[in-house]
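Q: Structure supplied as run31.cif; contents: mmCIF, C-alpha atoms and all ligand atoms.
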data_start
loop_
_atom_site.label_atom_id
_atom_site.label_comp_id
_atom_site.auth_asym_id
_atom_site.auth_seq_id
_atom_site.Cartn_x
_atom_site.Cartn_y
_atom_site.Cartn_z
CA MET A 1 -28.07 7.84 11.79
CA THR A 2 -26.90 9.05 8.34
CA LYS A 3 -24.05 7.00 6.94
CA ILE A 4 -20.65 8.59 6.42
CA TRP A 5 -19.45 7.34 3.05
CA ALA A 6 -15.74 7.01 2.33
CA ASN A 7 -13.31 5.64 -0.23
CA SER A 8 -10.53 3.42 1.08
CA GLY A 9 -6.94 4.04 0.01
CA ASP A 10 -5.77 0.84 1.71
CA SER A 11 -7.68 -2.43 1.39
CA HIS A 12 -6.61 -5.92 0.34
CA VAL A 13 -7.66 -8.69 -1.98
CA LEU A 14 -7.18 -12.28 -0.85
CA GLU A 15 -5.93 -14.24 -3.82
CA PRO A 16 -7.08 -17.78 -4.66
CA ASP A 17 -4.57 -20.43 -3.55
CA ASP A 18 -4.16 -21.60 -7.18
CA LEU A 19 -3.49 -18.16 -8.67
CA TRP A 20 0.01 -19.03 -9.87
CA LEU A 21 -0.61 -22.76 -10.27
CA SER A 22 -3.38 -21.98 -12.75
CA ARG A 23 -1.46 -19.33 -14.68
CA LEU A 24 2.20 -20.38 -14.71
CA PRO A 25 4.07 -23.46 -15.90
CA LYS A 26 4.59 -25.86 -12.98
CA ARG A 27 8.37 -25.24 -12.92
CA LEU A 28 7.65 -21.61 -11.97
CA ALA A 29 4.30 -21.93 -10.14
CA GLU A 30 5.74 -24.22 -7.47
CA ARG A 31 8.32 -21.52 -6.63
CA ALA A 32 5.73 -18.70 -6.32
CA PRO A 33 4.79 -17.45 -2.82
CA ARG A 34 2.59 -19.90 -0.92
CA SER A 35 1.77 -20.59 2.68
CA GLU A 36 1.06 -23.78 4.61
CA ARG A 37 -0.27 -24.27 8.12
CA GLY A 38 2.46 -25.55 10.37
CA GLU A 39 1.99 -26.91 13.90
CA LYS A 40 2.77 -23.61 15.55
CA TYR A 41 3.55 -21.31 12.62
CA GLU A 42 2.35 -20.31 9.19
CA LEU A 43 5.04 -21.66 6.83
CA LEU A 44 5.63 -19.18 4.02
CA TYR A 45 7.60 -20.51 1.01
CA ILE A 46 9.06 -18.10 -1.53
CA ASP A 47 11.23 -19.62 -4.27
CA GLY A 48 12.31 -22.40 -1.96
CA GLU A 49 13.08 -20.10 1.00
CA ARG A 50 10.93 -20.68 4.08
CA MET A 51 9.81 -17.81 6.34
CA ASP A 52 7.95 -18.87 9.49
CA ARG A 53 5.23 -16.46 10.51
CA GLN A 54 2.95 -16.36 13.48
CA LEU A 55 -0.25 -18.26 12.72
CA ASN A 56 -2.96 -15.76 11.94
CA ASP A 57 -5.87 -17.99 12.86
CA PHE A 58 -7.53 -15.08 14.61
CA MET A 59 -7.17 -13.06 11.39
CA ASP A 60 -8.54 -15.94 9.31
CA ALA A 61 -11.34 -16.52 11.83
CA MET A 62 -12.63 -12.97 11.54
CA ARG A 63 -12.39 -12.81 7.72
CA PRO A 64 -15.48 -11.02 6.39
CA PRO A 65 -17.43 -12.80 3.66
CA GLY A 66 -16.10 -10.56 0.89
CA ALA A 67 -12.44 -11.23 1.61
CA ARG A 68 -12.12 -13.60 -1.32
CA ASP A 69 -15.30 -12.95 -3.26
CA LEU A 70 -16.14 -9.74 -5.11
CA GLY A 71 -19.95 -10.03 -4.85
CA PRO A 72 -20.08 -10.33 -1.07
CA ARG A 73 -17.27 -7.75 -0.82
CA LEU A 74 -19.44 -5.10 -2.51
CA GLN A 75 -22.22 -5.95 -0.05
CA ASP A 76 -19.76 -5.60 2.82
CA LEU A 77 -18.73 -2.22 1.41
CA ASP A 78 -22.33 -1.00 1.22
CA GLN A 79 -22.89 -2.17 4.79
CA GLU A 80 -19.73 -0.44 6.07
CA GLY A 81 -20.20 2.76 4.01
CA VAL A 82 -17.20 2.33 1.70
CA TRP A 83 -17.70 3.26 -1.96
CA GLY A 84 -14.31 2.66 -3.66
CA GLN A 85 -11.25 0.66 -2.57
CA LEU A 86 -7.64 0.53 -3.63
CA ALA A 87 -7.09 -3.14 -2.78
CA PHE A 88 -3.46 -4.16 -2.28
CA PRO A 89 -2.25 -7.77 -2.63
CA SER A 90 -2.07 -10.21 0.28
CA MET A 91 -0.08 -13.29 -0.72
CA GLY A 92 1.07 -11.18 -3.66
CA PHE A 93 2.97 -8.97 -1.20
CA TRP A 94 5.59 -11.63 -0.86
CA HIS A 95 6.66 -11.52 -4.51
CA VAL A 96 9.01 -8.69 -3.51
CA MET A 97 11.30 -11.22 -1.79
CA ILE A 98 12.00 -13.00 -5.12
CA THR A 99 15.51 -12.35 -6.50
CA ASP A 100 15.39 -14.64 -9.55
CA ARG A 101 14.71 -12.39 -12.56
CA GLU A 102 12.54 -14.76 -14.61
CA LEU A 103 10.48 -15.92 -11.61
CA ALA A 104 9.86 -12.35 -10.41
CA ARG A 105 8.82 -11.22 -13.89
CA GLU A 106 6.40 -14.14 -14.40
CA VAL A 107 4.95 -14.09 -10.85
CA VAL A 108 4.03 -10.40 -11.03
CA ARG A 109 2.71 -10.72 -14.59
CA ALA A 110 0.44 -13.57 -13.52
CA TRP A 111 -0.73 -11.61 -10.45
CA ASN A 112 -1.58 -8.60 -12.61
CA ASN A 113 -3.41 -10.75 -15.16
CA TRP A 114 -5.44 -12.32 -12.34
CA ALA A 115 -6.26 -8.88 -10.87
CA TYR A 116 -7.23 -7.58 -14.32
CA ASP A 117 -9.44 -10.59 -15.13
CA GLU A 118 -11.04 -11.11 -11.70
CA ILE A 119 -11.20 -7.61 -10.20
CA LEU A 120 -10.76 -4.75 -12.66
CA GLN A 121 -12.86 -6.38 -15.40
CA LYS A 122 -15.59 -7.51 -13.01
CA ASN A 123 -16.38 -4.30 -11.11
CA ASP A 124 -15.56 -0.59 -11.05
CA ARG A 125 -15.49 0.27 -7.33
CA VAL A 126 -12.57 -1.95 -6.26
CA ILE A 127 -9.28 -1.33 -8.06
CA THR A 128 -5.94 -2.95 -7.35
CA PRO A 129 -2.40 -1.67 -7.87
CA ALA A 130 -0.21 -3.70 -10.21
CA CYS A 131 2.81 -5.63 -8.96
CA VAL A 132 6.19 -5.06 -10.61
CA SER A 133 9.41 -7.05 -10.41
CA MET A 134 11.75 -6.11 -7.55
CA ALA A 135 14.46 -8.27 -9.10
CA ASN A 136 15.08 -6.15 -12.21
CA VAL A 137 14.21 -2.49 -12.86
CA GLU A 138 13.89 -2.92 -16.64
CA ASP A 139 11.31 -5.68 -16.10
CA ALA A 140 9.54 -3.45 -13.56
CA VAL A 141 9.33 -0.63 -16.12
CA ALA A 142 7.97 -2.96 -18.81
CA GLU A 143 5.32 -4.40 -16.46
CA LEU A 144 4.34 -0.94 -15.18
CA GLU A 145 3.77 0.21 -18.78
CA ARG A 146 1.80 -2.94 -19.62
CA ALA A 147 -0.33 -2.48 -16.51
CA ALA A 148 -0.98 1.17 -17.33
CA GLU A 149 -2.23 0.08 -20.77
CA LEU A 150 -4.59 -2.34 -19.03
CA GLY A 151 -6.02 0.47 -16.89
CA PHE A 152 -4.22 -0.03 -13.58
CA GLN A 153 -3.82 3.33 -11.76
CA ALA A 154 -1.07 2.44 -9.28
CA VAL A 155 1.76 0.03 -8.64
CA PHE A 156 2.55 -1.64 -5.31
CA LEU A 157 6.12 -1.28 -4.00
CA PRO A 158 7.61 -2.54 -0.74
CA THR A 159 8.74 -0.08 1.94
CA VAL A 160 11.87 -2.14 2.69
CA THR A 161 14.46 -2.57 -0.07
CA ARG A 162 17.44 -4.88 -0.19
CA PRO A 163 20.74 -3.35 1.06
CA ASP A 164 22.32 -1.10 -1.64
CA GLU A 165 18.97 -0.80 -3.38
CA GLU A 166 17.61 2.16 -1.40
CA TYR A 167 15.06 4.24 -3.27
CA ALA A 168 17.26 7.38 -3.42
CA LEU A 169 19.74 5.56 -5.68
CA ASP A 170 19.86 6.26 -9.42
CA ARG A 171 19.10 2.61 -10.25
CA TRP A 172 15.36 3.37 -9.83
CA GLU A 173 15.29 6.41 -12.13
CA PRO A 174 13.80 4.52 -15.13
CA LEU A 175 10.91 3.36 -12.92
CA TRP A 176 10.18 6.86 -11.61
CA THR A 177 10.29 8.21 -15.19
CA ALA A 178 7.91 5.52 -16.43
CA ALA A 179 5.51 5.95 -13.49
CA GLU A 180 5.33 9.72 -13.93
CA ARG A 181 4.83 9.38 -17.70
CA ALA A 182 2.05 6.79 -17.22
CA GLY A 183 0.41 8.72 -14.36
CA MET A 184 0.78 5.68 -12.09
CA VAL A 185 0.70 6.30 -8.33
CA LEU A 186 3.47 4.51 -6.39
CA GLY A 187 1.75 2.67 -3.53
CA PHE A 188 4.28 1.73 -0.83
CA HIS A 189 2.51 -0.55 1.68
CA ILE A 190 4.08 -0.94 5.13
CA GLY A 191 5.23 -4.32 6.43
CA THR A 192 6.65 -5.40 3.08
CA GLY A 193 10.10 -6.23 1.78
CA GLY A 194 11.55 -7.65 4.94
CA ASP A 195 10.82 -9.35 8.23
CA THR A 196 7.78 -8.01 10.03
CA VAL A 197 8.93 -9.34 13.41
CA VAL A 198 12.30 -7.87 14.34
CA TYR A 199 12.11 -7.98 18.13
CA ARG A 200 10.92 -10.60 20.61
CA GLY A 201 10.39 -9.57 24.18
CA PRO A 202 8.27 -7.33 26.36
CA GLY A 203 6.02 -5.10 24.23
CA GLY A 204 6.62 -7.24 21.15
CA ALA A 205 3.18 -6.82 19.58
CA VAL A 206 3.24 -3.03 19.64
CA VAL A 207 6.99 -2.66 19.11
CA ASN A 208 6.83 -4.71 15.91
CA TYR A 209 3.69 -2.87 14.81
CA MET A 210 5.72 0.34 15.05
CA GLU A 211 8.82 -1.25 13.46
CA THR A 212 6.82 -1.80 10.26
CA THR A 213 5.89 1.90 10.20
CA TYR A 214 9.41 3.37 10.19
CA PRO A 215 10.40 2.09 6.72
CA GLY A 216 7.45 4.06 5.32
CA MET A 217 9.08 7.21 6.67
CA ARG A 218 12.38 6.13 5.13
CA VAL A 219 10.72 5.83 1.70
CA VAL A 220 9.68 9.49 2.02
CA SER A 221 13.10 10.74 3.16
CA HIS A 222 14.89 8.87 0.37
CA LEU A 223 12.52 9.91 -2.42
CA VAL A 224 12.41 13.54 -1.27
CA ALA A 225 16.02 14.18 -0.20
CA GLY A 226 17.44 11.98 -2.97
CA GLY A 227 15.71 14.22 -5.53
CA ALA A 228 13.46 11.67 -7.27
CA LEU A 229 10.23 13.53 -6.50
CA ASP A 230 11.86 16.90 -7.30
CA ARG A 231 12.94 15.55 -10.71
CA HIS A 232 9.48 14.09 -11.32
CA PRO A 233 6.99 16.74 -10.06
CA ASP A 234 3.95 14.86 -11.39
CA LEU A 235 4.88 11.64 -9.59
CA LYS A 236 2.73 10.88 -6.53
CA ILE A 237 3.53 8.39 -3.81
CA LEU A 238 1.25 6.84 -1.20
CA ILE A 239 2.51 5.34 2.07
CA ALA A 240 -0.30 2.91 2.87
CA GLU A 241 -1.28 1.74 6.38
CA GLY A 242 1.46 3.69 8.14
CA GLY A 243 -0.68 6.45 9.61
CA ALA A 244 -0.41 10.08 8.45
CA GLY A 245 0.17 12.30 11.48
CA TRP A 246 3.94 11.92 11.10
CA VAL A 247 4.13 13.21 7.53
CA PRO A 248 4.21 16.99 8.17
CA ALA A 249 6.49 16.39 11.14
CA ILE A 250 9.19 14.72 9.02
CA GLY A 251 8.70 17.55 6.51
CA ASP A 252 9.77 20.00 9.19
CA ARG A 253 12.67 17.79 10.25
CA MET A 254 13.86 17.44 6.64
CA ASP A 255 13.59 21.22 6.08
CA GLU A 256 15.74 21.78 9.17
CA GLY A 257 18.32 19.29 7.93
CA TYR A 258 18.22 20.80 4.45
CA ARG A 259 18.80 24.32 5.83
CA GLN A 260 21.08 23.75 8.84
CA HIS A 261 23.24 21.19 7.01
CA GLY A 262 22.99 23.01 3.68
CA MET A 263 26.74 22.83 3.15
CA PHE A 264 26.51 19.03 3.00
CA VAL A 265 23.26 18.75 1.01
CA ARG A 266 23.31 16.96 -2.36
CA PRO A 267 21.45 17.05 -4.60
CA LYS A 268 20.12 20.55 -4.13
CA LEU A 269 16.33 20.65 -4.55
CA SER A 270 14.19 23.20 -6.40
CA ARG A 271 11.67 23.14 -3.52
CA LEU A 272 11.98 22.61 0.23
CA PRO A 273 11.39 18.99 1.33
CA SER A 274 8.16 20.04 3.10
CA GLU A 275 6.86 21.61 -0.14
CA ILE A 276 7.61 18.45 -2.13
CA ILE A 277 5.84 16.43 0.58
CA LYS A 278 2.78 18.69 0.48
CA GLN A 279 2.56 18.33 -3.30
CA GLN A 280 3.51 14.69 -3.92
CA VAL A 281 3.39 12.53 -0.77
CA TYR A 282 0.12 10.90 0.40
CA ALA A 283 -0.50 8.70 3.42
CA SER A 284 -3.32 6.45 4.62
CA PHE A 285 -4.49 5.54 8.12
CA GLN A 286 -7.38 3.59 9.67
CA HIS A 287 -8.13 4.76 13.20
CA ASP A 288 -5.71 7.60 14.02
CA ARG A 289 -7.39 10.81 15.17
CA SER A 290 -3.99 12.55 14.75
CA ALA A 291 -4.21 11.89 10.99
CA VAL A 292 -7.30 14.10 10.81
CA GLU A 293 -5.98 16.74 13.22
CA VAL A 294 -2.82 17.41 11.19
CA VAL A 295 -4.92 18.47 8.19
CA GLU A 296 -6.34 21.43 10.09
CA ALA A 297 -3.27 22.03 12.24
CA THR A 298 -0.59 21.98 9.52
CA GLY A 299 -2.32 22.39 6.15
CA TYR A 300 -0.93 19.00 5.04
CA ARG A 301 -3.95 17.70 3.09
CA ASN A 302 -2.80 14.47 1.41
CA VAL A 303 -4.35 12.37 4.16
CA MET A 304 -6.46 9.44 3.00
CA TRP A 305 -8.56 7.12 5.13
CA GLY A 306 -8.32 3.36 4.54
CA ASP A 307 -10.41 0.44 5.84
CA ASP A 308 -7.59 -2.15 5.55
CA TYR A 309 -10.35 -4.60 4.71
CA PRO A 310 -10.29 -7.53 5.44
CA HIS A 311 -7.33 -7.30 7.82
CA LEU A 312 -7.52 -7.26 11.58
CA GLU A 313 -5.91 -3.79 11.62
CA GLY A 314 -8.86 -2.45 9.65
CA THR A 315 -12.31 -1.20 10.50
CA TYR A 316 -14.59 -3.95 9.18
CA GLY A 317 -17.54 -4.27 11.54
CA HIS A 318 -16.95 -0.85 13.11
CA THR A 319 -16.40 1.47 10.13
CA GLN A 320 -19.27 3.86 10.80
CA GLU A 321 -18.41 4.08 14.50
CA THR A 322 -14.77 4.79 13.53
CA LEU A 323 -15.67 7.44 10.97
CA ARG A 324 -18.10 9.15 13.34
CA GLY A 325 -15.39 9.28 16.01
CA LEU A 326 -12.74 10.53 13.58
CA PHE A 327 -14.86 13.34 12.17
CA ALA A 328 -16.90 14.44 15.18
CA ASP A 329 -16.65 18.28 15.36
CA VAL A 330 -14.36 18.35 12.28
CA PRO A 331 -15.19 20.86 9.50
CA ASP A 332 -17.09 19.33 6.56
CA ASP A 333 -14.33 20.21 4.06
CA VAL A 334 -11.74 18.30 6.12
CA ARG A 335 -14.03 15.28 6.47
CA GLU A 336 -14.81 15.35 2.72
CA ARG A 337 -11.09 15.64 1.88
CA VAL A 338 -9.98 12.74 4.08
CA THR A 339 -12.92 10.40 3.35
CA ARG A 340 -13.17 10.93 -0.42
CA GLY A 341 -11.33 13.97 -1.84
CA THR A 342 -7.78 12.71 -1.44
CA PHE A 343 -8.69 9.31 -2.90
CA ASN A 344 -10.47 10.98 -5.86
CA GLU A 345 -7.41 13.16 -6.48
CA LEU A 346 -5.30 10.03 -7.02
CA PHE A 347 -7.74 7.49 -8.41
CA THR A 348 -10.77 7.34 -10.68
CA VAL A 349 -13.77 5.28 -9.68
CA PRO A 350 -17.31 6.04 -10.94
CA GLU A 351 -19.23 8.78 -9.18
CA GLN A 352 -21.29 7.37 -6.28
CA PRO A 353 -25.04 7.62 -7.00
CA ALA A 354 -26.35 10.75 -5.24
CA GLN A 355 -28.94 8.96 -3.11
CA ASP A 356 -26.21 6.72 -1.67
CA ALA A 357 -23.72 9.49 -1.13
CA ALA A 358 -25.85 11.38 1.38
CA VAL A 359 -23.65 12.02 4.37
C1 LIG B 401 0.73 -8.56 4.93
C2 LIG B 401 2.64 -6.74 7.71
C3 LIG B 401 1.66 -5.59 9.77
C4 LIG B 401 2.73 -6.17 10.69
C5 LIG B 401 4.09 -7.99 13.14
C6 LIG B 401 2.18 -9.48 13.54
C7 LIG B 401 0.81 -10.83 15.19
C8 LIG B 401 2.44 -11.53 16.89
O1 LIG B 401 7.45 -11.74 21.14
P1 LIG B 401 5.97 -11.92 21.29
O2 LIG B 401 5.58 -13.29 21.79
O3 LIG B 401 5.37 -10.82 22.13
O4 LIG B 401 5.32 -11.84 19.84
C9 LIG B 401 5.53 -10.68 19.00
C10 LIG B 401 4.74 -10.95 17.74
C11 LIG B 401 4.84 -9.74 16.83
C12 LIG B 401 5.30 -12.17 17.06
C13 LIG B 401 3.27 -11.21 18.12
O5 LIG B 401 2.76 -10.08 18.75
O6 LIG B 401 2.50 -12.59 16.34
N1 LIG B 401 1.66 -10.54 16.37
C14 LIG B 401 0.85 -9.62 14.20
O7 LIG B 401 2.60 -10.30 12.75
N2 LIG B 401 2.86 -8.36 13.84
C15 LIG B 401 4.17 -6.47 13.03
S1 LIG B 401 2.68 -5.77 12.36
O8 LIG B 401 3.64 -6.84 10.30
C16 LIG B 401 2.17 -4.23 9.32
C17 LIG B 401 0.36 -5.39 10.50
C18 LIG B 401 -0.33 -6.68 10.82
C19 LIG B 401 -0.65 -7.45 9.52
C20 LIG B 401 0.63 -7.72 8.71
C21 LIG B 401 1.43 -8.76 9.48
C22 LIG B 401 0.22 -8.21 7.31
C23 LIG B 401 1.40 -6.45 8.52
C24 LIG B 401 2.23 -7.15 6.32
O9 LIG B 401 3.36 -7.43 5.52
C25 LIG B 401 1.35 -8.35 6.30
C26 LIG B 401 0.06 -9.87 5.10
C27 LIG B 401 -0.27 -10.58 3.81
O10 LIG B 401 -1.09 -9.62 5.88
C28 LIG B 401 -0.63 -9.52 7.24
C29 LIG B 401 0.20 -10.79 7.30
C30 LIG B 401 1.00 -10.66 6.04
C31 LIG B 401 2.09 -9.65 6.44
MN MN B 402 -3.19 -2.63 4.44
#
What is this structure when it is put down as structure tokens?
A:
Amino acid sequence: MTKIWANSGDSHVLEPDDLWLSRLPKRLAERAPRSERGEKYELLYIDGERMDRQLNDFMDAMRPPGARDLGPRLQDLDQEGVWGQLAFPSMGFWHVMITDRELAREVVRAWNNWAYDEILQKNDRVITPACVSMANVEDAVAELERAAELGFQAVFLPTVTRPDEEYALDRWEPLWTAAERAGMVLGFHIGTGGDTVVYRGPGGAVVNYMETTYPGMRVVSHLVAGGALDRHPDLKILIAEGGAGWVPAIGDRMDEGYRQHGMFVRPKLSRLPSEIIKQQVYASFQHDRSAVEVVEATGYRNVMWGDDYPHLEGTYGHTQETLRGLFADVPDDVRERVTRGTFNELFTVPEQPAQDAAV
């Protein structure tokens, strides 16, 4: 069976437990995000605040060998048929909850230095986004520019913002300007910036899974209707791990709102929302057949597959089976676009050696 090779627009690194302890003065390191095993829950501490999370023993139990170690990870990738990965943070995700300006600035700087030293400098197939402060936009701009100098190609941003800090507001304009100028992709990963469990009751597992998807849609509506993407036509955003079938659908809904409620619309846009989406909004998925179908059905082509390695929601251990199912009786150009073309449009990893790339 020939292997279907793909790049992954949504993977994760698992950081060493001493990442901040080894890179920050103790007075800051002990306030950086860390987790401890509680009796019944994972105890997550972020600058003295405790967030109890469901124990993810099952997730830890199934961790593939390469979760924490680059060498074995590249072997896992060869086995699964993945060439390049954009690997988001794991524990690093939680930096976005920090409100103290100095702590946020130093925690993200240390994370980026670790990613540069241990990932970017040690291989060329796995790249990570950079983290930027969510406590102060000026600091975020400075760190984005420093990261761009170091060769990072994207920044990670949370899908949920604090109240009165929604992405359509002018406060973010310096960050959009800097990202466009540096050619940095904005990678919004779902399930970040707020609680990931917002409902307890019948259907909880699936309801909460969906509840983490909706903020990804909100990022698109704010950045499109608020005018940020229209003002910055070279800026590209990725909604990671939220699926992709919904993207053209909200484009239609936003066009209808823009037209039918035209008398209320501000700011006016130079392009319809759906056109801005088609040119600047990208989305990743793991298993959804609908994500592939919308490419042919709607002409929305910014669909990118992701393995979500090494998370439970990903495809590790069944990647080839997943890819074969996704692309059975799908035209070659659509399969090529979704498995590698979209990723290569946003990110640069070395060309895969021809003999490996046979599909
Ligand atoms: C990044 C977020 C994703 C989610 C939350 C889970 C485990 C459960 O009322 P009940 O008894 O029926 O229980 C409901 C409950 C949801 C508590 C139960 O089903 O414990 N499920 C999975 O935490 N689900 C919604 S899904 O939050 C988007 C997807 C799963 C991995 C996820 C939790 C990851 C993400 C994202 O921010 C993180 C991180 C570093 O990796 C995991 C954990 C942590 C959070
Ligand atoms: Mn992910």
Q: Restrict the calculation to all atoms listed in the file, then for each residue of chain A with any atom at most 10 Å from an atom of ligand MN 402 (chain B) give the closest atom pair and their distance in Å to one decimal, rows by chain and rising residue number, as JSON lines.
A:
{"residue": "A:Gly9", "atom": "CA", "partner": "B:MN402", "partner_atom": "MN", "distance": 8.8}
{"residue": "A:Asp10", "atom": "CA", "partner": "B:MN402", "partner_atom": "MN", "distance": 5.1}
{"residue": "A:Ser11", "atom": "CA", "partner": "B:MN402", "partner_atom": "MN", "distance": 5.4}
{"residue": "A:His12", "atom": "CA", "partner": "B:MN402", "partner_atom": "MN", "distance": 6.3}
{"residue": "A:Val13", "atom": "CA", "partner": "B:MN402", "partner_atom": "MN", "distance": 9.9}
{"residue": "A:Leu86", "atom": "CA", "partner": "B:MN402", "partner_atom": "MN", "distance": 9.7}
{"residue": "A:Ala87", "atom": "CA", "partner": "B:MN402", "partner_atom": "MN", "distance": 8.2}
{"residue": "A:Phe88", "atom": "CA", "partner": "B:MN402", "partner_atom": "MN", "distance": 6.9}
{"residue": "A:Pro89", "atom": "CA", "partner": "B:MN402", "partner_atom": "MN", "distance": 8.8}
{"residue": "A:Ser90", "atom": "CA", "partner": "B:MN402", "partner_atom": "MN", "distance": 8.7}
{"residue": "A:His189", "atom": "CA", "partner": "B:MN402", "partner_atom": "MN", "distance": 6.7}
{"residue": "A:Ile190", "atom": "CA", "partner": "B:MN402", "partner_atom": "MN", "distance": 7.5}
{"residue": "A:Gly191", "atom": "CA", "partner": "B:MN402", "partner_atom": "MN", "distance": 8.8}
{"residue": "A:Ala240", "atom": "CA", "partner": "B:MN402", "partner_atom": "MN", "distance": 6.4}
{"residue": "A:Glu241", "atom": "CA", "partner": "B:MN402", "partner_atom": "MN", "distance": 5.1}
{"residue": "A:Gly242", "atom": "CA", "partner": "B:MN402", "partner_atom": "MN", "distance": 8.7}
{"residue": "A:Ser284", "atom": "CA", "partner": "B:MN402", "partner_atom": "MN", "distance": 9.1}
{"residue": "A:Phe285", "atom": "CA", "partner": "B:MN402", "partner_atom": "MN", "distance": 9.1}
{"residue": "A:Gln286", "atom": "CA", "partner": "B:MN402", "partner_atom": "MN", "distance": 9.1}
{"residue": "A:Gly306", "atom": "CA", "partner": "B:MN402", "partner_atom": "MN", "distance": 7.9}
{"residue": "A:Asp307", "atom": "CA", "partner": "B:MN402", "partner_atom": "MN", "distance": 8.0}
{"residue": "A:Asp308", "atom": "CA", "partner": "B:MN402", "partner_atom": "MN", "distance": 4.6}
{"residue": "A:Tyr309", "atom": "CA", "partner": "B:MN402", "partner_atom": "MN", "distance": 7.4}
{"residue": "A:Pro310", "atom": "CA", "partner": "B:MN402", "partner_atom": "MN", "distance": 8.7}
{"residue": "A:His311", "atom": "CA", "partner": "B:MN402", "partner_atom": "MN", "distance": 7.1}
{"residue": "A:Leu312", "atom": "CA", "partner": "B:MN402", "partner_atom": "MN", "distance": 9.5}
{"residue": "A:Glu313", "atom": "CA", "partner": "B:MN402", "partner_atom": "MN", "distance": 7.8}
{"residue": "A:Gly314", "atom": "CA", "partner": "B:MN402", "partner_atom": "MN", "distance": 7.7}
Q: Nearest to Pro174 (chain A): which of A:Ser270, A:Asn136, A:Gln153, A:Asn208 is it, counting only C-alpha atoms?
A: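 Once distances to Pro174 (chain A) are computed over only C-alpha atoms, the minimum belongs to A:Asn136.
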Q: One number please: CA of Ala357 (chain A) to CA of Gly71 (chain A), in Å, one decimal.
A: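 Taking CA of Ala357 (chain A) as the start and CA of Gly71 (chain A) as the end point, the length is 20.2 Å.
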Q: Pick out the residues sitting within 12 Å of region 228-231 of chain A, and hand them over as an NGL selection string; count only C-alpha atoms, and ignore anything fewer than 2 positions along from it in its own chain.
A: :A and (166-177 or 179-180 or 186 or 219-226 or 233-237 or 267-281)
Q: Fewer than 5 positions away in the same chain doesn't count, so skip those; otherwise give me all residues within 7 Å of Pro158 (chain A), counting all atoms listed in the file, as a list in words.
A: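 Close residues of Pro158 (chain A): Val96, Phe188, His189, Thr192 and Gly193 of chain A.
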Q: Leu21 (chain A): which residues within 10 Å, counting all atoms listed in the file, same-chain residues fewer than 5 positions away excluded, as a count of residues only?
A: 9
Q: Can you tell me how far CA of Glu39 (chain A) sits from CA of Trp111 (chain A), in Å to one decimal?
A: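 Result for CA of Glu39 (chain A) versus CA of Trp111 (chain A): 28.9 Å, one decimal.
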Q: Step by step, gather every atom of ligand LIG 401 (chain B) that the file lists, find the box along x, y and z that holds them, add 5 Å on each side, and finally give centre and edge lengths in Å to one decimal, as AutoDock Vina command-line options.
A:
--center_x 3.2 --center_y -8.8 --center_z 13.0 --size_x 18.5 --size_y 19.1 --size_z 28.3
Q: To one decimal in Å, tell me the separation between CA of Thr2 (chain A) and CA of Glu321 (chain A).
A: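 Distance between the two atoms: 11.6 Å.
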Q: Counting all atoms listed in the file, find the residues whose atoms lie at most 10 Å from (-17.7, 0.7, -1.5) (file coordinates) and write them out as a PyMOL selection string.
A: chain A and resi 5-8+73-85+124-126+352
Q: From the set A:Gly151, A:Gly243, A:Gly299, A:Gly325, which residue has the shortest atom-to-atom contact distance to ligand LIG 401 (chain B), counting only C-alpha atoms and all ligand atoms?
A: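 Of all the options, A:Gly243 lies closest to ligand LIG 401 (chain B).
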